[in-house]
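Raw contents of structure.pdb, PDB, C-alpha atoms:
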MODEL        1
ATOM      1  CA  ALA A  11       7.570   3.778   2.153  1.00  0.00           C
ATOM      2  CA  ARG A  12       4.454   3.527   0.045  1.00  0.00           C
ATOM      3  CA  GLY A  13       1.149   4.488   1.604  1.00  0.00           C
ATOM      4  CA  ILE A  14      -1.708   2.186   0.656  1.00  0.00           C
ATOM      5  CA  ILE A  15      -5.302   3.170   1.342  1.00  0.00           C
ATOM      6  CA  PRO A  16      -8.329   1.048   0.470  1.00  0.00           C
ATOM      7  CA  THR A  17     -11.376   3.194  -0.211  1.00  0.00           C
ATOM      8  CA  TYR A  18     -15.071   2.953  -0.898  1.00  0.00           C
ATOM      9  CA  ASN A  19     -17.116   6.156  -1.029  1.00  0.00           C
ATOM     10  CA  GLU A  20     -14.616   8.093   1.100  1.00  0.00           C
ATOM     11  CA  GLN A  21     -15.001  11.542  -0.464  1.00  0.00           C
ATOM     12  CA  SER A  22     -15.719  13.059   2.957  1.00  0.00           C
ATOM     13  CA  THR A  23     -12.381  11.958   4.470  1.00  0.00           C
ATOM     14  CA  ILE A  24      -9.832  11.204   1.740  1.00  0.00           C
ATOM     15  CA  VAL A  25      -8.690  14.772   1.051  1.00  0.00           C
ATOM     16  CA  ARG A  26      -7.909  15.403   4.733  1.00  0.00           C
ATOM     17  CA  THR A  27      -6.033  12.105   4.945  1.00  0.00           C
ATOM     18  CA  LEU A  28      -3.939  12.772   1.834  1.00  0.00           C
ATOM     19  CA  ARG A  29      -3.093  16.297   2.955  1.00  0.00           C
ATOM     20  CA  THR A  30      -2.070  15.009   6.381  1.00  0.00           C
ATOM     21  CA  VAL A  31       0.139  12.344   4.802  1.00  0.00           C
ATOM     22  CA  ARG A  32       1.924  15.038   2.762  1.00  0.00           C
ATOM     23  CA  ARG A  33       2.202  17.438   5.714  1.00  0.00           C
ATOM     24  CA  HIS A  34       3.378  14.846   8.255  1.00  0.00           C
ATOM     25  CA  ALA A  35       5.909  13.008   6.049  1.00  0.00           C
ATOM     26  CA  SER A  36       9.556  14.024   6.285  1.00  0.00           C
ATOM     27  CA  LYS A  37       9.879  13.572   2.504  1.00  0.00           C
ATOM     28  CA  PRO A  38       7.419  12.883  -0.339  1.00  0.00           C
ATOM     29  CA  VAL A  39       5.516   9.621   0.052  1.00  0.00           C
ATOM     30  CA  GLN A  40       3.711   7.962  -2.827  1.00  0.00           C
ATOM     31  CA  VAL A  41       0.150   7.068  -1.877  1.00  0.00           C
ATOM     32  CA  LEU A  42      -1.783   4.386  -3.707  1.00  0.00           C
ATOM     33  CA  ILE A  43      -5.562   4.486  -3.473  1.00  0.00           C
ATOM     34  CA  ALA A  44      -7.121   1.102  -4.218  1.00  0.00           C
ATOM     35  CA  ASP A  45     -10.774   1.961  -4.629  1.00  0.00           C
ATOM     36  CA  GLY A  46     -13.576  -0.576  -4.344  1.00  0.00           C
ATOM     37  CA  GLN A  47     -15.632   0.961  -7.168  1.00  0.00           C
ATOM     38  CA  SER A  48     -16.915   4.001  -5.314  1.00  0.00           C
ATOM     39  CA  THR A  49     -20.006   5.769  -6.571  1.00  0.00           C
ATOM     40  CA  ASP A  50     -18.901   9.149  -5.220  1.00  0.00           C
ATOM     41  CA  ARG A  51     -15.888  11.370  -6.069  1.00  0.00           C
ATOM     42  CA  THR A  52     -13.259   9.383  -4.116  1.00  0.00           C
ATOM     43  CA  LEU A  53     -11.138   8.533  -7.171  1.00  0.00           C
ATOM     44  CA  SER A  54     -11.119  12.012  -8.698  1.00  0.00           C
ATOM     45  CA  LEU A  55     -10.439  13.717  -5.349  1.00  0.00           C
ATOM     46  CA  SER A  56      -7.607  11.280  -4.640  1.00  0.00           C
ATOM     47  CA  ARG A  57      -5.964  11.927  -8.002  1.00  0.00           C
ATOM     48  CA  ARG A  58      -6.433  15.678  -7.653  1.00  0.00           C
ATOM     49  CA  ASN A  59      -4.632  15.475  -4.292  1.00  0.00           C
ATOM     50  CA  GLY A  60      -1.563  13.667  -5.582  1.00  0.00           C
ATOM     51  CA  ALA A  61      -2.417   9.993  -5.098  1.00  0.00           C
ATOM     52  CA  THR A  62      -2.199   7.257  -7.679  1.00  0.00           C
ATOM     53  CA  ALA A  63      -5.774   5.994  -7.624  1.00  0.00           C
ATOM     54  CA  PHE A  64      -7.288   3.013  -9.373  1.00  0.00           C
ATOM     55  CA  SER A  65     -10.407   0.875  -9.117  1.00  0.00           C
ATOM     56  CA  VAL A  66     -10.383  -2.756  -7.960  1.00  0.00           C
ATOM     57  CA  LYS A  67     -13.176  -5.329  -7.990  1.00  0.00           C
ATOM     58  CA  GLY A  68     -13.616  -7.237  -4.758  1.00  0.00           C
ATOM     59  CA  GLY A  69     -13.411  -6.427  -1.084  1.00  0.00           C
ATOM     60  CA  ARG A  70     -10.825  -4.608   0.979  1.00  0.00           C
ATOM     61  CA  SER A  71      -8.289  -7.452   1.001  1.00  0.00           C
ATOM     62  CA  CYS A  72      -8.404  -7.578  -2.823  1.00  0.00           C
ATOM     63  CA  GLN A  73      -7.869  -3.820  -2.913  1.00  0.00           C
ATOM     64  CA  LEU A  74      -4.879  -3.982  -0.562  1.00  0.00           C
ATOM     65  CA  ASN A  75      -3.228  -6.888  -2.357  1.00  0.00           C
ATOM     66  CA  ALA A  76      -3.708  -5.165  -5.740  1.00  0.00           C
ATOM     67  CA  ALA A  77      -2.061  -2.005  -4.415  1.00  0.00           C
ATOM     68  CA  VAL A  78       0.932  -3.964  -3.123  1.00  0.00           C
ATOM     69  CA  GLN A  79       1.452  -5.336  -6.645  1.00  0.00           C
ATOM     70  CA  ARG A  80       1.816  -1.739  -7.857  1.00  0.00           C
ATOM     71  CA  ALA A  81       3.764  -0.416  -4.872  1.00  0.00           C
ATOM     72  CA  ARG A  82       7.281  -1.609  -5.723  1.00  0.00           C
ATOM     73  CA  ALA A  83       8.685  -0.351  -2.432  1.00  0.00           C
ATOM     74  CA  PRO A  84      10.691  -2.029   0.347  1.00  0.00           C
ATOM     75  CA  VAL A  85       8.373  -0.712   3.101  1.00  0.00           C
ATOM     76  CA  LEU A  86       4.580  -0.658   2.947  1.00  0.00           C
ATOM     77  CA  LEU A  87       2.255   1.456   5.086  1.00  0.00           C
ATOM     78  CA  PHE A  88      -1.416   0.450   5.189  1.00  0.00           C
ATOM     79  CA  LEU A  89      -3.902   2.953   6.525  1.00  0.00           C
ATOM     80  CA  HIS A  90      -7.595   3.660   6.417  1.00  0.00           C
ATOM     81  CA  ALA A  91      -9.097   6.634   4.598  1.00  0.00           C
ATOM     82  CA  ASP A  92      -9.895   8.367   7.888  1.00  0.00           C
ATOM     83  CA  THR A  93      -6.514   7.730   9.550  1.00  0.00           C
ATOM     84  CA  VAL A  94      -4.465  10.752  10.594  1.00  0.00           C
ATOM     85  CA  LEU A  95      -0.796   9.848  10.867  1.00  0.00           C
ATOM     86  CA  PRO A  96       1.545  11.464  13.418  1.00  0.00           C
ATOM     87  CA  PRO A  97       4.283  13.883  12.303  1.00  0.00           C
ATOM     88  CA  ASN A  98       7.319  12.131  10.797  1.00  0.00           C
ATOM     89  CA  PHE A  99       5.437   8.827  10.553  1.00  0.00           C
ATOM     90  CA  ASP A 100       7.708   7.733   7.694  1.00  0.00           C
ATOM     91  CA  VAL A 101      10.860   8.228   9.773  1.00  0.00           C
ATOM     92  CA  THR A 102       9.267   6.379  12.708  1.00  0.00           C
ATOM     93  CA  ALA A 103       8.329   3.433  10.485  1.00  0.00           C
ATOM     94  CA  HIS A 104      11.769   3.137   8.875  1.00  0.00           C
ATOM     95  CA  GLU A 105      13.636   3.647  12.162  1.00  0.00           C
ATOM     96  CA  THR A 106      11.490   1.061  13.964  1.00  0.00           C
ATOM     97  CA  LEU A 107      12.243  -1.554  11.336  1.00  0.00           C
ATOM     98  CA  ARG A 108      15.942  -0.587  11.203  1.00  0.00           C
ATOM     99  CA  LYS A 109      16.638  -0.300  14.952  1.00  0.00           C
ATOM    100  CA  HIS A 110      14.661  -3.348  16.039  1.00  0.00           C
ATOM    101  CA  PRO A 111      15.837  -6.322  13.971  1.00  0.00           C
ATOM    102  CA  ASN A 112      13.188  -8.555  15.563  1.00  0.00           C
ATOM    103  CA  ALA A 113      10.386  -6.187  14.562  1.00  0.00           C
ATOM    104  CA  VAL A 114       8.789  -7.472  11.369  1.00  0.00           C
ATOM    105  CA  ALA A 115       6.120  -4.779  11.430  1.00  0.00           C
ATOM    106  CA  GLY A 116       4.790  -1.926  13.497  1.00  0.00           C
ATOM    107  CA  ALA A 117       1.795   0.296  13.966  1.00  0.00           C
ATOM    108  CA  PHE A 118       0.900   3.541  15.659  1.00  0.00           C
ATOM    109  CA  LEU A 119      -1.101   3.870  18.837  1.00  0.00           C
ATOM    110  CA  LEU A 120      -4.794   4.505  18.291  1.00  0.00           C
ATOM    111  CA  HIS A 121      -6.234   7.912  19.076  1.00  0.00           C
ATOM    112  CA  ILE A 122      -9.838   8.586  18.103  1.00  0.00           C
ATOM    113  CA  ASP A 123     -10.640  12.212  17.336  1.00  0.00           C
ATOM    114  CA  SER A 124     -13.644  12.556  19.618  1.00  0.00           C
ATOM    115  CA  PRO A 125     -14.332  14.034  23.054  1.00  0.00           C
ATOM    116  CA  LEU A 126     -16.382  11.002  24.132  1.00  0.00           C
ATOM    117  CA  ARG A 127     -15.021   9.330  27.264  1.00  0.00           C
ATOM    118  CA  SER A 128     -16.239   5.941  26.045  1.00  0.00           C
ATOM    119  CA  LEU A 129     -13.863   6.223  23.079  1.00  0.00           C
ATOM    120  CA  ARG A 130     -10.910   6.849  25.433  1.00  0.00           C
ATOM    121  CA  ILE A 131     -11.729   3.421  26.904  1.00  0.00           C
ATOM    122  CA  VAL A 132     -11.786   1.904  23.393  1.00  0.00           C
ATOM    123  CA  GLU A 133      -8.405   3.513  22.688  1.00  0.00           C
ATOM    124  CA  TRP A 134      -6.922   2.227  25.942  1.00  0.00           C
ATOM    125  CA  PHE A 135      -8.032  -1.374  25.341  1.00  0.00           C
ATOM    126  CA  THR A 136      -7.017  -1.298  21.669  1.00  0.00           C
ATOM    127  CA  ASN A 137      -3.546  -0.013  22.505  1.00  0.00           C
ATOM    128  CA  LEU A 138      -3.164  -2.520  25.341  1.00  0.00           C
ATOM    129  CA  ARG A 139      -4.198  -5.368  23.038  1.00  0.00           C
ATOM    130  CA  SER A 140      -1.724  -4.151  20.421  1.00  0.00           C
ATOM    131  CA  ARG A 141       1.139  -4.087  22.903  1.00  0.00           C
ATOM    132  CA  VAL A 142       0.357  -7.422  24.567  1.00  0.00           C
ATOM    133  CA  LEU A 143      -0.944  -9.517  21.667  1.00  0.00           C
ATOM    134  CA  HIS A 144       0.911  -7.699  18.862  1.00  0.00           C
ATOM    135  CA  THR A 145      -2.275  -7.446  16.780  1.00  0.00           C
ATOM    136  CA  PRO A 146      -3.082  -3.872  15.753  1.00  0.00           C
ATOM    137  CA  TYR A 147      -6.095  -2.955  13.636  1.00  0.00           C
ATOM    138  CA  GLY A 148      -5.933  -1.152  10.299  1.00  0.00           C
ATOM    139  CA  ASP A 149      -6.888   2.116  11.998  1.00  0.00           C
ATOM    140  CA  GLN A 150      -3.413   2.071  13.530  1.00  0.00           C
ATOM    141  CA  ALA A 151      -1.555   2.252  10.186  1.00  0.00           C
ATOM    142  CA  LEU A 152       0.312  -1.034   9.894  1.00  0.00           C
ATOM    143  CA  PHE A 153       3.801  -0.752   8.370  1.00  0.00           C
ATOM    144  CA  LEU A 154       6.075  -3.611   7.331  1.00  0.00           C
ATOM    145  CA  ARG A 155       8.688  -4.734   4.856  1.00  0.00           C
ATOM    146  CA  ALA A 156       7.238  -5.794   1.500  1.00  0.00           C
ATOM    147  CA  SER A 157       9.222  -9.048   1.687  1.00  0.00           C
ATOM    148  CA  VAL A 158       7.540  -9.902   4.992  1.00  0.00           C
ATOM    149  CA  PHE A 159       4.127  -9.073   3.521  1.00  0.00           C
ATOM    150  CA  ARG A 160       4.762 -11.584   0.735  1.00  0.00           C
ATOM    151  CA  ALA A 161       6.133 -14.182   3.202  1.00  0.00           C
ATOM    152  CA  VAL A 162       2.856 -14.214   5.161  1.00  0.00           C
ATOM    153  CA  GLY A 163       0.767 -14.481   1.985  1.00  0.00           C
ATOM    154  CA  GLY A 164      -0.612 -10.941   1.868  1.00  0.00           C
ATOM    155  CA  TYR A 165      -4.040  -9.966   3.113  1.00  0.00           C
ATOM    156  CA  PRO A 166      -6.425 -12.926   3.473  1.00  0.00           C
ATOM    157  CA  ASP A 167      -9.620 -12.891   1.423  1.00  0.00           C
ATOM    158  CA  MET A 168     -12.023 -12.105   4.271  1.00  0.00           C
ATOM    159  CA  PRO A 169     -15.036  -9.747   4.373  1.00  0.00           C
ATOM    160  CA  PHE A 170     -13.726  -8.029   7.532  1.00  0.00           C
ATOM    161  CA  LEU A 171     -10.986  -8.297  10.182  1.00  0.00           C
ATOM    162  CA  ASP A 172      -8.417  -8.880   7.442  1.00  0.00           C
ATOM    163  CA  ASP A 173      -6.149  -6.353   9.181  1.00  0.00           C
ATOM    164  CA  TYR A 174      -6.370  -8.287  12.445  1.00  0.00           C
ATOM    165  CA  GLU A 175      -5.681 -11.575  10.624  1.00  0.00           C
ATOM    166  CA  ILE A 176      -2.545 -10.311   8.901  1.00  0.00           C
ATOM    167  CA  ALA A 177      -1.255  -8.980  12.235  1.00  0.00           C
ATOM    168  CA  ARG A 178      -1.930 -12.399  13.750  1.00  0.00           C
ATOM    169  CA  ARG A 179      -0.056 -14.058  10.892  1.00  0.00           C
ATOM    170  CA  LEU A 180       2.848 -11.694  11.352  1.00  0.00           C
ATOM    171  CA  SER A 181       3.167 -12.460  15.041  1.00  0.00           C
ATOM    172  CA  LYS A 182       2.846 -16.251  14.476  1.00  0.00           C
ATOM    173  CA  ARG A 183       4.306 -17.367  11.143  1.00  0.00           C
ATOM    174  CA  VAL A 184       7.325 -15.125  11.074  1.00  0.00           C
ATOM    175  CA  ALA A 185       8.025 -15.888  14.743  1.00  0.00           C
ATOM    176  CA  LEU A 186       9.230 -12.356  15.398  1.00  0.00           C
ATOM    177  CA  SER A 187       7.703  -9.606  17.460  1.00  0.00           C
ATOM    178  CA  LEU A 188       5.348  -6.919  16.228  1.00  0.00           C
ATOM    179  CA  ARG A 189       6.225  -3.609  17.838  1.00  0.00           C
ATOM    180  CA  THR A 190       3.736  -0.839  18.320  1.00  0.00           C
ATOM    181  CA  THR A 191       5.337   2.594  18.161  1.00  0.00           C
ATOM    182  CA  MET A 192       4.252   6.185  18.329  1.00  0.00           C
ATOM    183  CA  SER A 193       5.974   9.439  17.416  1.00  0.00           C
ATOM    184  CA  GLN A 194       6.567  11.797  20.296  1.00  0.00           C
TER     185      GLN A 194
ENDMDL
END
I'd like the structure from this file rewritten - as structure tokens, please.
Amino acid sequence: ARGIIPTYNEQSTIVRTLRTVRRHASKPVQVLIADGQSTDRTLSLSRRNGATAFSVKGGRSCQLNAAVQRARAPVLLFLHADTVLPPNFDVTAHETLRKHPNAVAGAFLLHIDSPLRSLRIVEWFTNLRSRVLHTPYGDQALFLRASVFRAVGGYPDMPFLDDYEIARRLSKRVALSLRTTMSQ
């Protein structure tokens, strides 16, 4: 799997995310950082922490689509710069796609690192929506086969909710189920 992270001025979170990706993967995972022309140290910190990082003009969907062009991998994993993946996320992604032939994509359950009770409610509703409507958000680290990504036309050129739109496309156009999984 190739990890793809769109960034813009993420110097405060990107190092933690990259270290967690390395620590929680069962084997080395290439991470591509598609940066939206940050004015901070996001690019240099990403490169220093083992990612292939490059700058892209345009919004998040342009960044994600540009990274896919460079990925050259059968399975893609899209995550945000502040996403912390569960242990063995790469095995979970591959096994989900292998064991469930009808699953065209998957995502992890949302857990927000905060003690606020109100955010537990947000988590609960987000995870319920993901299970029922098969439409996870980018915070949940969407993974899918590269061929399926191309079949649905990639990320739409939208200023926001592009992650929701691609999940909607996956559940509609491909006519197969989107499974939400979580490592135990």
Practice task
Taking (-2.6, -13.3, 16.0) in the file's own coordinates, collect the residues within 9 Å, counting all atoms listed in the file, and hand them back as a list in words.
Solution key: Leu143, His144, Thr145, Tyr174, Glu175, Ile176, Ala177, Arg178, Arg179, Leu180, Ser181 and Lys182 of chain A
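Taking all atoms listed in the file into account, Ser65 of chain A lies nearest to A:Ala44 out of the set A:Ala81, A:Ala44, A:Ile24, A:Val162.
Atom CA of Arg82 of chain A is positioned 24.8 Å from atom CA of Ser48 of chain A.
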Problem - For atom CA of Leu119 of chain A and atom CA of Ala35 of chain A, the interatomic separation in Å (one decimal) - result: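 Rounded to one decimal, the two atoms are 17.2 Å apart.
You will find atom CA of Arg33 of chain A at 12.5 Å from atom CA of Gly60 of chain A.
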